[in-house]
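K.L.:
Sharing a structure here in structure tokens format.
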Amino acid sequence: QRGAAVTDMNAIWRRREGLALLTDYYELTMLAGYWKANRAQEQAVFEYFFRSLPPHAGFAVAAGLNPFLDYLEHLRFSKDDIAYLRSLKVFEGGFLEFLQEFRPSCTVRAVPEGTLVFPHEPVVQVQGTLMEAQFLESALLNFLNHQTLIATKAARICQAAEGEPVLEFGLRRAHGPDGGLSGSRAAYIGGCQSTSNVLAGKIYDIPVAGTHAHSWVMSFQSEIEAFRVFAQQYADRCVLLVDTYDTIESGVPNAITVYKEMRAAGHAVRPAIRLDSGDLAKLSKAAHKLMADAGFDDPLIVASNDLDEDLIADLKRQGAKINAWGVGTKLITAYDCPALGGVYKLVAVQRDGRWQARIKLSSNIEKATDPGRKELVRCYGADGDPLGDVLCETGEEWARNGRVAGRRRLQPHIETRIKDVAYTESLFQTVFENGRRTAPPPSIHEVRARAQQQLAALPEEYKRLRNPQVYDVMLSPAIGALKEKLLAAPDEG
């Protein structure tokens with residue numbers, strides 16, 4: 001019975017069933033209000049975007065879209081859900097009957113998962129009934145904000161590692177089981193080579209990896225006995241943790257002895273050790289010298305212990321002899337940025353068959369939204385490097401090459417431009433329509449490959465760990481003029 005329950009849980013997790021109540025209470029009170037006001041069939045468009053990048057980042061890696069689409073495709077209110085809502089004694093019976101019959105019918109357009117994205121540009125656009133589009137807000141934000149944040153952190157860490165493998169070890173410090181699962185998924189998309197999270201490996205087909213703990217060594221009478229037993233069991237993938245007692249005096253010498261014994265027994269194993277404490281730069285250099293002097297010219301030296309992109313970059317500057325990186329807490333928790341400030345805003349409503357743009361104003365001009373239904377257009381240089389993005393009105397023609405004109409986001413009355421454009425493309429794809437996906441979901445490996453290809457094409461100035469260049473996102477002439485108009489008279493959309 002227990003095995004069957006675990007199987008059921010995995011199936012439910014993959015399909016995202018039973019999550020209709022994964023929403024904020026005010027979404028349901030608004031839905032009930034729209035229903036009561038006979039507005040159930042009015043059409044609206046909402047867009048998901050974020051206003052700022054994590055600290056010091058010059059880009060973000062869009063992640064979380066495909067799990068959100070899994071949720072959307074299986075979105076149903078169960079009898080238990082309806083019974084719970086009825087027990088609150090807030091909602092009318094007719095509204096609850098409406099929810100029980102509800103099935104998604106919206107159209108979702110989005111940038112493909114794994115795409116590099118930037119502040120203030122729409123990443124996901126939902127068009128449907130006002131009620132349905134509004135209801136999706138909380139779940140969409142939950143899926144995309146967290147995974148985009150972790151994928152971005154992973155990408156920066158992998159950039160600092162300069163192509164050397166980064167192993168995600170974050171499960172035990174993750175924010176609960178889902179934080180561990182979705183975090184492992186996002187970290188792999190961002191560039192990590194593997195995860196220690198076995199359930200994430202099973203569900204998402206991520207390679208799993210790990211070594212052993214200090215407790216393994218401490219449970220034996222001697223360190224070398226612990227190493228020998230571990231090597232006997234895992235001869236083909238033996239990585240020994242050498243800092244339980246004294247890294248240089250005992251750990252590395254004992255590891256060398258065991259690896260010599262393995263080679264003498266006919267195992268063509270690459271000697272591999274892990275350092276988890278102390279001065280990693282100094283210890284890695286000393287360990288490498290001991291192993292090289294013992295005839296091991298190409299040892300694998302894995303470092304862990306609260307690593308992040310800044311510490312990895314600093315260790316590289318010091319000439320550390322580390323060639324693989326185990327990163328846990330500071331990746332899986334996005335330690336320096338606990339949340340991505342993604343938002344989901346109404347940009348257009350339909351009245352009498354005509355679309356009317358909507359804008360949110362604020363005393364803080366940064367928080368004024370960009371109105372209207374939009375296309376996200378990326379401009380590329382001759383070498384395929386992205387030069388900047390343009391928010392265009394749906395149906396608007398845009399320049400395909402040369403000089404692409406537009407307006408500044410914060411000052412839409414001021415003209416600007418992106419020069420030397422070789423070609424452009426709209427990043428939006430229709431990914432959900434008529435209650436189902438428009439195409440089979442890409443594998444996580446395809447999503448990861450897209451992210452890696454996009455990172456490789458991004459100019460280095462946007463990838464600096466400190467003070468990266470600010471990527472250009474501008475409004476098209478049509479959206480700029482519309483925003484300028486609505487800033488003066490917001491109720492005339």
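Convention: chains lettered A, B, ... in structure tokens order; per-chain residue numbering from 1; ligands numbered from 1 as shown.
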Please provide the set of residues having any atom within 9 Å of Arg274 in chain A, restricted to only C-alpha atoms, with same-chain residues fewer than 4 positions apart removed, written as a list of chain:residue names.
P.N.:
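The residues satisfying every condition are A:Thr211, A:Val239, A:Leu240, A:Leu241, A:Val242, A:Asp243, A:Leu300, A:Ile301, A:Val302, A:Ala303, A:Ser304, A:Gly326.
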K.L.:
Among range 406-478 of chain A, which ones does DSSP assign to helix (DSSP H, G or I) (computed from the backbone)? Answer as a PyMOL selection string.
P.N.:
chain A and resi 444-457+460-462+477-478
K.L.:
For a test of reading the model, state the distance in Å between CA of Asp236 in chain A and CA of Val269 in chain A, rounded to one decimal.
P.N.:
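If I compute the distance from CA of Asp236 in chain A to CA of Val269 in chain A, I get 6.4 Å.
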K.L.:
Which polymer residues have any atom within 7 Å of an atom of range 32-46 of chain A, counting only C-alpha atoms, with same-chain residues fewer than 4 positions away left out, as a ChimeraX atom specification?
P.N.:
/A:28,95,125-131,133,344-350,373
K.L.:
Would you return as a PyMOL selection string the members of range 248-299 of chain A that DSSP assigns to strand (DSSP E) on this structure's backbone?
P.N.:
chain A and resi 272-275
K.L.:
Dump N, CA, C and O atoms for the selected residues as a compact mmCIF listing (two decimals), in the first residue's frame?
P.N.:
```txt
# COMPACT_ATOMS: atom_id res chain seq x y z
N ALA A 272 39.38 10.86 -7.08
CA ALA A 272 38.47 11.98 -6.84
C ALA A 272 38.28 12.18 -5.35
O ALA A 272 38.03 11.22 -4.62
N ILE A 273 38.40 13.42 -4.91
CA ILE A 273 38.20 13.75 -3.51
C ILE A 273 37.25 14.94 -3.40
O ILE A 273 37.05 15.69 -4.36
N ARG A 274 36.67 15.10 -2.21
CA ARG A 274 35.83 16.27 -1.95
C ARG A 274 36.34 16.99 -0.71
O ARG A 274 36.63 16.36 0.31
N LEU A 275 36.44 18.31 -0.83
CA LEU A 275 36.81 19.19 0.28
C LEU A 275 35.57 19.96 0.73
O LEU A 275 34.91 20.59 -0.10
```
K.L.:
Using only C-alpha atoms, which protein or nucleic acid residues come within 12 Å of Asp383 in chain A? Drop anything in the same chain fewer than 5 positions from it, and give the result as a PyMOL selection string.
P.N.:
chain A and resi 420-423+456-459
K.L.:
So, with only C-alpha atoms as the atoms that count, which of A:Gln454, A:Ser78, A:Ser362, A:Ser476 lies closest to His413 in chain A?
P.N.:
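Going through A:Gln454, A:Ser78, A:Ser362, A:Ser476 one by one, the smallest distance to His413 in chain A is for A:Ser476.
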K.L.:
Quick one: residues within 7 Å of Thr195 in chain A, only C-alpha atoms, excluding same-chain residues fewer than 2 positions away - as a list of chain:residue names?
P.N.:
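Within the cut-off, the hits are A:Leu167, A:Glu168, A:Phe169, A:Ser184, A:Asn197, A:Ile206, A:Pro207, A:Val208, A:Ala209.
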K.L.:
For each of A:Asp297, A:Glu162, A:Asp389, A:Glu396, take the minimum atom-to-atom distance to Ile479 in chain A, counting only C-alpha atoms, then give the residue where this is smallest.
P.N.:
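For Ile479 in chain A, the nearest of the candidates is A:Glu396.
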K.L.:
Determine, counting only C-alpha atoms, which protein, DNA and RNA residues have an atom within 12 Å of an atom of range 263-268 of chain A; residues of the same chain fewer than 5 positions away are not included. Present the result as number ranges by chain.
P.N.:
A: 231-232, 234-238, 256-258, 295-296
K.L.:
Between CA of Ile248 in chain A and CA of Ala294 in chain A, what is the spacing in Å?
P.N.:
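Separation between CA of Ala294 in chain A and CA of Ile248 in chain A: 13.7 Å.
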K.L.:
I want to know what sits within 10 Å of range 397-407 of chain A, based on only C-alpha atoms, with residues of the same chain fewer than 4 positions away left out; could you give that as an NGL selection string?
P.N.:
:A and (377 or 379-381 or 388-393 or 411-425 or 473-481 or 483-484)
K.L.:
Using only C-alpha atoms, find the one residue out of A:Ala63, A:Ser196, A:Phe230, A:Trp325 that sits nearest to Pro165 in chain A.
P.N.:
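Counting only C-alpha atoms, the residue closest to Pro165 in chain A is A:Trp325.
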K.L.:
Could you please determine the separation between CA of Glu433 in chain A and CA of Ala110 in chain A in Å, to one decimal place?
P.N.:
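Distance reported for this atom pair: 12.0 Å.
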K.L.:
Nearest to Pro386 in chain A among A:Lys285, A:Asp472, A:Arg358, A:Leu199, with distances taken over only C-alpha atoms: which residue is it?
P.N.:
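The shortest atom-to-atom distance to Pro386 in chain A comes from A:Asp472.
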K.L.:
Using only C-alpha atoms, pick whichever of A:Ala255, A:Val431, A:Val343, A:Ala488 has the shortest atom-to-atom distance to Leu141 in chain A.
P.N.:
A:Val343
K.L.:
Using only C-alpha atoms, which of the listed residues (A:Leu171, A:Ala451, A:Ala155, A:Leu290) sits closest to Thr115 in chain A?
P.N.:
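Using only C-alpha atoms, the shortest distance to Thr115 in chain A belongs to A:Ala451.
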